[in-house]
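In what follows, a single structure is set out as structure tokens and then discussed.
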Amino acid sequence: MSDSSRMNAEASSSNAADTLRGASFSRNDGPAAVDAPVTASDLLNTNAFDPSRLHPMAAIGDKLDYLLLEDDKTSALPGAGTPLPTRGWNDDLCYGTGTTYLAGLGVGGLWGFREGAFRPLAVSTPRLRINSILNSVTRRGTFIGNSAGVLALIYNGIGASIDAYRGEHDQWGSMAAGAITGALFKSTAGIKPMFAAATLMTGLAGGWSWLKTVLV
């Protein structure tokens with residue numbers, strides 16, 4: 001070690017020793033004062049509730065907003081008042097498609113159950129009969145359910161567009177939506193299937209619209 005390094009080390013040691021000799025320490029017999037923690041009872045059991053006490057970093061003060069849901073606000077479109085209240089085209093699209101799909105599953109399931117229960121088998125055993133019923137229910141139920149769901153989706157979408165363009169909801173708009181829906185659904189099968197599907201959907205849409213006016 002060089003002489004300069006040795007001298008620096010001795011100077012640092014002497015400075016540290018002098019600092020410790022001149023230091024004074026005091027002892028406090030009582031506990032240190034700390035702020036009492038805020039508990040849930042402190043927040044709830046008070047008449048003047050301060051939202052800012054929820055979290056010190058929130059900094060929301062008295063500007064606490066609440067989410068207002070207008071569940072009871074129905075559609076104001078003329079002619080839209082039916083026994084099934086609706087808030088607009090989105091309700092018709094979601095609920096109409098969902099209920100129609102479930103109804104199609106039920107009808108198709110019953111059809112498949114009857115078909116599988118009475119289908120002739122080469123060897124009629126309980127296991128083969130149950131297998132036949134399950135296969136028929138799965139095939140018919142999904143087919144009817146999916147077809148009904150697609151028809152309801154197209155019908156509600158076109159019907160909402162027609163109502164928005166005309167500014168009212170009536171039987172004629174529903175029948176037009178049904179005709180367009182049926183034609184689109186069978187558009188790849190040829191002219192005759194398109195015409196048959198359009199006629200069937202027009203009759204179903206007109207009957208449903210008339211039934212809603214009777215039930216009001």
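Residue numbering restarts at 1 in every chain; chains get A, B, ... in the order shown in the structure tokens, and ligands count up from 1 in that same order.
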Report the closest atom pair, with its distance in Å rounded to one decimal, for each residue of stretch 161-206 of chain A that has an atom no farther than 12 Å from stretch 128-147 of chain A; count only C-alpha atoms, sort by chain and then rising residue number, and write it as a Markdown table.
```
| residue | atom | partner | partner_atom | distance |
| --- | --- | --- | --- | --- |
| A:Thr181 | CA | A:Ser147 | CA | 11.9 |
| A:Gly182 | CA | A:Ser147 | CA | 11.3 |
| A:Phe185 | CA | A:Ser147 | CA | 9.0 |
| A:Lys186 | CA | A:Ser147 | CA | 11.1 |
```
Worksheet item: Counting only C-alpha atoms, what is within 9 Å of A:Gln171, bar same-chain residues fewer than 5 positions away, as a list in words?
Response: Ala176, Ala205, Gly206, Gly207, Trp208, Ser209 and Trp210 of chain A
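Comparing the minimum interatomic distances between A:Leu102 and each of A:Pro126, A:Gly190, A:Gly149, A:Gly178, counting only C-alpha atoms, we find that A:Gly149 sits nearest.
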Worksheet item: In Å to one decimal, how far is atom CA of A:Ile180 from atom CA of A:Gly203?
Response: 12.2 Å
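Going from atom CA of A:Ser174 to atom CA of A:Cys94 covers 17.1 Å.
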